[in-house]
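Undergrad: Dropping the structure in here first, questions after.
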Amino acid sequence: MSHPAADRIRPPDTTSGRSTASASPALSLWFSLPADVAKRFRPHMGTVAGKILAEIQGSVPEYAQPLEGQFGTVITTAIEKAVVSCIDSIEDLRAAEDDWVELFREVGRRVFLDGRSLNSLQAAYRVGGRAAWRYISAFGQAMRLPAPMLCVTAEAIFAYVDEISSCSVEGYTMAQARAAGTLERRRHRLLELLLATPPSSPQTIAAMAAAANWPLPDRVTAVALEPREGHDLEHPAPSMPEDVLIDLEGARPCLVTADPARDLRTLSTEMTGWRAAVGPAVPLAEAATSLHWAYRTMDLVRRGIVEDAPVTRAGDHLSKLWLLLDEFLLDELTKQALGPFDGLTPKQQLRLGETLLAWLDCDGSTPEIAGLLKIHPQTVRYRLSQLTELFGSRLSSASAKFDMQVALRAHRLLGTRPPGEEAG
């Protein structure tokens, strides 16, 4: 039998001092139904909540198992709360506007913290909405509710599903952002510990790696990074794998990777506007050493000693790194090994220096020296005579010749002539 009060949709509330415009669209739709509908449906709330839960567990694989623990409590509470909020809002819109928004945010947060799928949760909401509509539709037809009223009820159910789904997505996203921020801070701290001098203890590294969810590799490679002139530092960082520890905001940008073959390809293609210098692969405890040689390599690039490329490997320039390891010692070696050049003009130093290095490289072959320097063999003989006068017996000493060769090669890299008279 139909009920007179249920034959029409309720007009907007003008007596409570509050408009339905201030409420959520879904609850406003529920409030537009006659209050008598709520009274007649209240005895069914427990039944419909049970049917929603059963339908979800039968249709969504992730929820097929018994819902136990904190997650189970949150889900069952949320289903019960959803039913109660909708029915309460039919009679009193204000009574329903309590903590349901925060509850469904908590559902999303709990889904993230438990490592569950947000897609499965949203599927559960849709399944639950359909289950609720089937039950309420059958109830409405039994009560002979008008078709327009049933249409409003259907609209209210699915609008409510959209709203609680949106709240849960918000809670999930907020929890994800907080977790990502915490993880990022822990990984930044881990990178600092790995690169500390003196090195941090293995126990400290292992503990922080566990907290940062970073698997400990046996060997790592450090990469020094430097923005090119004019590069916009606000440009988004490249998308690197999760196991790469990276710092682009510090005074000395760098990264540490356990898989350089994989990640150097990314550096070459994605880090436009940056140059990278790659240190040697080392045991984990020596990560700081790898970074030291990466920075030394970067310095050679910056000074033009090594060709500027998107990615420069220290391993390709070991002799240069060794020759220029300590420029103070290089100066001392030069004074000792090439002292006879003192007193010569800069032009004489340059010519005799290149002839001496060619002689050392070619093992004394005049024709080879002439070809290498593109000068006449007689000119070579003349210069060698001058070198013999200057260096004497040193030219027959293996250790002296080695020192000369090292000093001359280093100065060639630096683009300077051996110490002697300064250019006037």
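Just remember, in the structure tokens the first chain shown is A, the second B, etc., residues are 1-based per chain, and ligands are 1-based in the order shown.
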Write out as a list of chain:residue names each polymer residue whose atoms come within 10 Å of range 69-71 of chain A, counting only C-alpha atoms; drop sequence neighbours fewer than 5 positions from it.
TA: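 Close residues of range 69-71 of chain A: A:Thr76, A:Thr77, A:Val107, A:Arg110, A:Val111, A:Leu113, A:Asp114.
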Undergrad: Please report as JSON lines every residue of range 194-306 of chain A lying within 9 Å of range 179-184 of chain A, along with the nearest atom pair and their distance in Å (one decimal), using only C-alpha atoms.
TA:
```
{"residue": "A:Ala211", "atom": "CA", "partner": "A:Leu183", "partner_atom": "CA", "distance": 8.0}
{"residue": "A:Ala212", "atom": "CA", "partner": "A:Leu183", "partner_atom": "CA", "distance": 5.6}
{"residue": "A:Asn213", "atom": "CA", "partner": "A:Leu183", "partner_atom": "CA", "distance": 7.8}
```
Undergrad: Residues at most 12 Å from Pro215 in chain A, counting only C-alpha atoms, excluding those fewer than 2 positions away in the same chain, as a ChimeraX atom specification?
TA: /A:187,190,205-213,217-220,242-245,257-258,284
Undergrad: Filtering to N, CA, C and O atoms, could you give me those residues as an mmCIF file, in the first residue's frame?
TA:
```
data_model
loop_
_atom_site.group_PDB
_atom_site.id
_atom_site.type_symbol
_atom_site.label_atom_id
_atom_site.label_comp_id
_atom_site.auth_asym_id
_atom_site.auth_seq_id
_atom_site.Cartn_x
_atom_site.Cartn_y
_atom_site.Cartn_z
ATOM 1 N N ARG A 187 66.196 8.156 2.079
ATOM 2 C CA ARG A 187 67.153 7.835 1.026
ATOM 3 C C ARG A 187 68.183 8.939 0.866
ATOM 4 O O ARG A 187 69.346 8.680 0.539
ATOM 5 N N LEU A 190 70.563 8.287 3.571
ATOM 6 C CA LEU A 190 71.375 7.125 3.221
ATOM 7 C C LEU A 190 72.486 7.525 2.255
ATOM 8 O O LEU A 190 73.637 7.096 2.404
ATOM 9 N N ILE A 205 74.961 1.866 7.874
ATOM 10 C CA ILE A 205 74.501 1.840 6.484
ATOM 11 C C ILE A 205 73.373 0.821 6.320
ATOM 12 O O ILE A 205 72.343 1.097 5.690
ATOM 13 N N ALA A 206 73.559 -0.365 6.886
ATOM 14 C CA ALA A 206 72.554 -1.422 6.734
ATOM 15 C C ALA A 206 71.232 -1.010 7.373
ATOM 16 O O ALA A 206 70.150 -1.256 6.803
ATOM 17 N N ALA A 207 71.286 -0.380 8.541
ATOM 18 C CA ALA A 207 70.058 0.037 9.221
ATOM 19 C C ALA A 207 69.312 1.101 8.422
ATOM 20 O O ALA A 207 68.091 1.039 8.259
ATOM 21 N N MET A 208 70.047 2.081 7.912
ATOM 22 C CA MET A 208 69.395 3.138 7.142
ATOM 23 C C MET A 208 68.891 2.615 5.803
ATOM 24 O O MET A 208 67.834 3.027 5.324
ATOM 25 N N ALA A 209 69.621 1.673 5.199
ATOM 26 C CA ALA A 209 69.169 1.081 3.938
ATOM 27 C C ALA A 209 67.848 0.339 4.138
ATOM 28 O O ALA A 209 66.940 0.418 3.303
ATOM 29 N N ALA A 210 67.725 -0.371 5.252
ATOM 30 C CA ALA A 210 66.481 -1.077 5.548
ATOM 31 C C ALA A 210 65.338 -0.084 5.743
ATOM 32 O O ALA A 210 64.226 -0.289 5.241
ATOM 33 N N ALA A 211 65.613 1.013 6.468
ATOM 34 C CA ALA A 211 64.576 2.025 6.695
ATOM 35 C C ALA A 211 64.166 2.708 5.396
ATOM 36 O O ALA A 211 63.020 3.129 5.240
ATOM 37 N N ALA A 212 65.107 2.814 4.456
ATOM 38 C CA ALA A 212 64.839 3.478 3.179
ATOM 39 C C ALA A 212 64.356 2.506 2.115
ATOM 40 O O ALA A 212 64.171 2.900 0.958
ATOM 41 N N ASN A 213 64.173 1.247 2.503
ATOM 42 C CA ASN A 213 63.728 0.217 1.559
ATOM 43 C C ASN A 213 64.648 0.156 0.343
ATOM 44 O O ASN A 213 64.214 0.121 -0.806
ATOM 45 N N PRO A 217 73.571 -3.383 -2.313
ATOM 46 C CA PRO A 217 74.333 -4.065 -3.359
ATOM 47 C C PRO A 217 75.761 -4.322 -2.896
ATOM 48 O O PRO A 217 76.233 -3.725 -1.925
ATOM 49 N N ASP A 218 76.462 -5.216 -3.589
ATOM 50 C CA ASP A 218 77.866 -5.460 -3.267
ATOM 51 C C ASP A 218 78.753 -4.326 -3.767
ATOM 52 O O ASP A 218 79.712 -3.938 -3.107
ATOM 53 N N ARG A 219 78.429 -3.812 -4.960
ATOM 54 C CA ARG A 219 79.250 -2.766 -5.564
ATOM 55 C C ARG A 219 78.348 -1.642 -6.067
ATOM 56 O O ARG A 219 77.193 -1.871 -6.460
ATOM 57 N N VAL A 220 78.891 -0.435 -6.071
ATOM 58 C CA VAL A 220 78.143 0.726 -6.542
ATOM 59 C C VAL A 220 79.057 1.602 -7.400
ATOM 60 O O VAL A 220 80.286 1.477 -7.356
ATOM 61 N N GLU A 242 63.910 3.166 -8.828
ATOM 62 C CA GLU A 242 63.805 3.420 -7.391
ATOM 63 C C GLU A 242 65.082 3.110 -6.632
ATOM 64 O O GLU A 242 65.308 3.657 -5.557
ATOM 65 N N ASP A 243 65.920 2.219 -7.168
ATOM 66 C CA ASP A 243 67.123 1.849 -6.425
ATOM 67 C C ASP A 243 68.286 2.804 -6.669
ATOM 68 O O ASP A 243 69.389 2.584 -6.184
ATOM 69 N N VAL A 244 68.056 3.879 -7.408
ATOM 70 C CA VAL A 244 69.087 4.895 -7.621
ATOM 71 C C VAL A 244 68.941 5.973 -6.548
ATOM 72 O O VAL A 244 67.868 6.549 -6.373
ATOM 73 N N LEU A 245 70.013 6.231 -5.830
ATOM 74 C CA LEU A 245 70.029 7.310 -4.841
ATOM 75 C C LEU A 245 70.532 8.561 -5.540
ATOM 76 O O LEU A 245 71.647 8.578 -6.074
ATOM 77 N N THR A 257 74.498 4.415 -8.050
ATOM 78 C CA THR A 257 73.742 3.345 -8.685
ATOM 79 C C THR A 257 74.485 2.022 -8.569
ATOM 80 O O THR A 257 75.714 1.993 -8.558
ATOM 81 N N ALA A 258 73.707 0.954 -8.487
ATOM 82 C CA ALA A 258 74.300 -0.390 -8.502
ATOM 83 C C ALA A 258 74.278 -0.982 -9.904
ATOM 84 O O ALA A 258 74.819 -2.056 -10.133
ATOM 85 N N LEU A 284 80.644 -1.289 -1.818
ATOM 86 C CA LEU A 284 79.715 -0.317 -1.237
ATOM 87 C C LEU A 284 80.400 0.622 -0.252
ATOM 88 O O LEU A 284 80.132 1.830 -0.246
#
```
Undergrad: Name the residues in contact with range 367-372 of chain A at a cut-off of 10 Å, using only C-alpha atoms, excluding same-chain residues fewer than 4 positions from it; report them as a VMD selection string.
TA: chain A and resid 354 to 363 376 to 381
Undergrad: Using only all heavy atoms, please write the residues we just selected to a file, as a compact mmCIF listing (two decimals), in the first residue's frame.
TA:
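Dumped to result_37.txt:
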```txt
# COMPACT_ATOMS: atom_id res chain seq x y z
N GLU A 354 108.58 19.49 -27.34
CA GLU A 354 107.84 18.58 -28.21
C GLU A 354 108.79 17.61 -28.90
O GLU A 354 108.46 16.44 -29.15
CB GLU A 354 107.01 19.35 -29.22
CG GLU A 354 107.80 20.12 -30.26
CD GLU A 354 106.90 20.85 -31.25
OE1 GLU A 354 105.68 20.91 -31.01
OE2 GLU A 354 107.44 21.37 -32.26
N THR A 355 110.03 18.06 -29.19
CA THR A 355 111.01 17.17 -29.81
C THR A 355 111.47 16.11 -28.82
O THR A 355 111.59 14.92 -29.18
CB THR A 355 112.22 17.98 -30.31
OG1 THR A 355 111.78 18.99 -31.23
CG2 THR A 355 113.23 17.06 -31.03
N LEU A 356 111.66 16.51 -27.57
CA LEU A 356 112.08 15.55 -26.55
C LEU A 356 111.00 14.49 -26.32
O LEU A 356 111.30 13.29 -26.24
CB LEU A 356 112.40 16.28 -25.24
CG LEU A 356 112.80 15.41 -24.05
CD1 LEU A 356 114.01 14.54 -24.38
CD2 LEU A 356 113.06 16.27 -22.81
N LEU A 357 109.75 14.90 -26.26
CA LEU A 357 108.66 13.93 -26.05
C LEU A 357 108.54 13.00 -27.25
O LEU A 357 108.36 11.79 -27.09
CB LEU A 357 107.34 14.67 -25.81
CG LEU A 357 106.12 13.78 -25.54
CD1 LEU A 357 106.36 12.86 -24.35
CD2 LEU A 357 104.87 14.63 -25.32
N ALA A 358 108.67 13.54 -28.46
CA ALA A 358 108.62 12.69 -29.65
C ALA A 358 109.78 11.70 -29.66
O ALA A 358 109.61 10.53 -30.02
CB ALA A 358 108.65 13.56 -30.90
N TRP A 359 110.96 12.15 -29.26
CA TRP A 359 112.12 11.27 -29.19
C TRP A 359 111.90 10.13 -28.20
O TRP A 359 112.22 8.98 -28.46
CB TRP A 359 113.36 12.08 -28.82
CG TRP A 359 114.62 11.28 -28.68
CD1 TRP A 359 115.41 10.79 -29.68
CD2 TRP A 359 115.22 10.86 -27.45
NE1 TRP A 359 116.48 10.08 -29.17
CE2 TRP A 359 116.38 10.11 -27.78
CE3 TRP A 359 114.92 11.04 -26.10
CZ2 TRP A 359 117.21 9.55 -26.83
CZ3 TRP A 359 115.76 10.49 -25.15
CH2 TRP A 359 116.88 9.74 -25.50
N LEU A 360 111.32 10.49 -27.05
CA LEU A 360 111.03 9.47 -26.02
C LEU A 360 109.97 8.48 -26.52
O LEU A 360 110.08 7.28 -26.30
CB LEU A 360 110.56 10.15 -24.74
CG LEU A 360 111.61 10.99 -24.00
CD1 LEU A 360 110.94 11.86 -22.94
CD2 LEU A 360 112.67 10.10 -23.36
N ASP A 361 108.96 9.00 -27.21
CA ASP A 361 107.89 8.13 -27.72
C ASP A 361 108.37 7.23 -28.86
O ASP A 361 107.94 6.09 -28.99
CB ASP A 361 106.71 8.97 -28.20
CG ASP A 361 105.94 9.61 -27.06
OD1 ASP A 361 106.12 9.17 -25.90
OD2 ASP A 361 105.15 10.55 -27.32
N CYS A 362 109.27 7.76 -29.69
CA CYS A 362 109.71 7.02 -30.89
C CYS A 362 111.01 6.27 -30.66
O CYS A 362 111.60 5.74 -31.62
CB CYS A 362 109.89 7.99 -32.06
SG CYS A 362 108.37 8.81 -32.57
N ASP A 363 111.47 6.26 -29.43
CA ASP A 363 112.68 5.52 -29.08
C ASP A 363 113.87 5.95 -29.94
O ASP A 363 114.67 5.13 -30.40
CB ASP A 363 112.45 4.02 -29.25
CG ASP A 363 113.50 3.18 -28.51
OD1 ASP A 363 114.10 3.70 -27.55
OD2 ASP A 363 113.69 2.02 -28.90
N HIS A 376 111.81 18.68 -41.07
CA HIS A 376 112.88 18.00 -41.81
C HIS A 376 113.74 17.19 -40.84
O HIS A 376 113.98 17.62 -39.71
CB HIS A 376 113.75 19.04 -42.54
CG HIS A 376 114.62 18.45 -43.59
ND1 HIS A 376 115.85 17.86 -43.31
CD2 HIS A 376 114.44 18.34 -44.94
CE1 HIS A 376 116.40 17.42 -44.41
NE2 HIS A 376 115.57 17.70 -45.44
N PRO A 377 114.24 15.99 -41.28
CA PRO A 377 115.10 15.19 -40.40
C PRO A 377 116.33 15.95 -39.91
O PRO A 377 116.78 15.72 -38.78
CB PRO A 377 115.50 14.01 -41.28
CG PRO A 377 114.36 13.87 -42.23
CD PRO A 377 113.90 15.26 -42.50
N GLN A 378 116.87 16.87 -40.76
CA GLN A 378 118.03 17.63 -40.33
C GLN A 378 117.68 18.53 -39.15
O GLN A 378 118.50 18.72 -38.24
CB GLN A 378 118.57 18.47 -41.49
CG GLN A 378 119.89 19.17 -41.20
CD GLN A 378 121.01 18.20 -40.84
OE1 GLN A 378 121.09 17.09 -41.37
NE2 GLN A 378 121.86 18.59 -39.90
N THR A 379 116.47 19.07 -39.17
CA THR A 379 116.02 19.89 -38.04
C THR A 379 115.94 19.04 -36.78
O THR A 379 116.29 19.50 -35.68
CB THR A 379 114.65 20.52 -38.35
OG1 THR A 379 114.74 21.27 -39.56
CG2 THR A 379 114.19 21.42 -37.23
N VAL A 380 115.48 17.80 -36.94
CA VAL A 380 115.41 16.88 -35.80
C VAL A 380 116.81 16.66 -35.23
O VAL A 380 117.03 16.71 -34.01
CB VAL A 380 114.77 15.55 -36.21
CG1 VAL A 380 114.85 14.53 -35.06
CG2 VAL A 380 113.33 15.75 -36.64
N ARG A 381 117.78 16.40 -36.11
CA ARG A 381 119.15 16.14 -35.64
C ARG A 381 119.71 17.35 -34.91
O ARG A 381 120.39 17.20 -33.88
CB ARG A 381 120.04 15.76 -36.83
CG ARG A 381 119.65 14.45 -37.50
CD ARG A 381 120.67 14.05 -38.57
NE ARG A 381 120.20 12.89 -39.31
CZ ARG A 381 119.55 12.95 -40.46
NH1 ARG A 381 119.29 14.13 -41.03
NH2 ARG A 381 119.16 11.84 -41.06
```
Undergrad: Hey, what's within 12 Å of range 136-145 of chain A if we count only C-alpha atoms and toss same-chain stuff fewer than 2 positions away? As an NGL selection string, please?
TA: :A and (1-9 or 33-34 or 36-38 or 40-45 or 47-49 or 51-52 or 83 or 86-87 or 129-134 or 147-157)
Undergrad: Please report the interatomic distance between CA of Ser59 in chain A and CA of Trp30 in chain A in Å with one decimal.
TA: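 So the answer is 26.7 Å.
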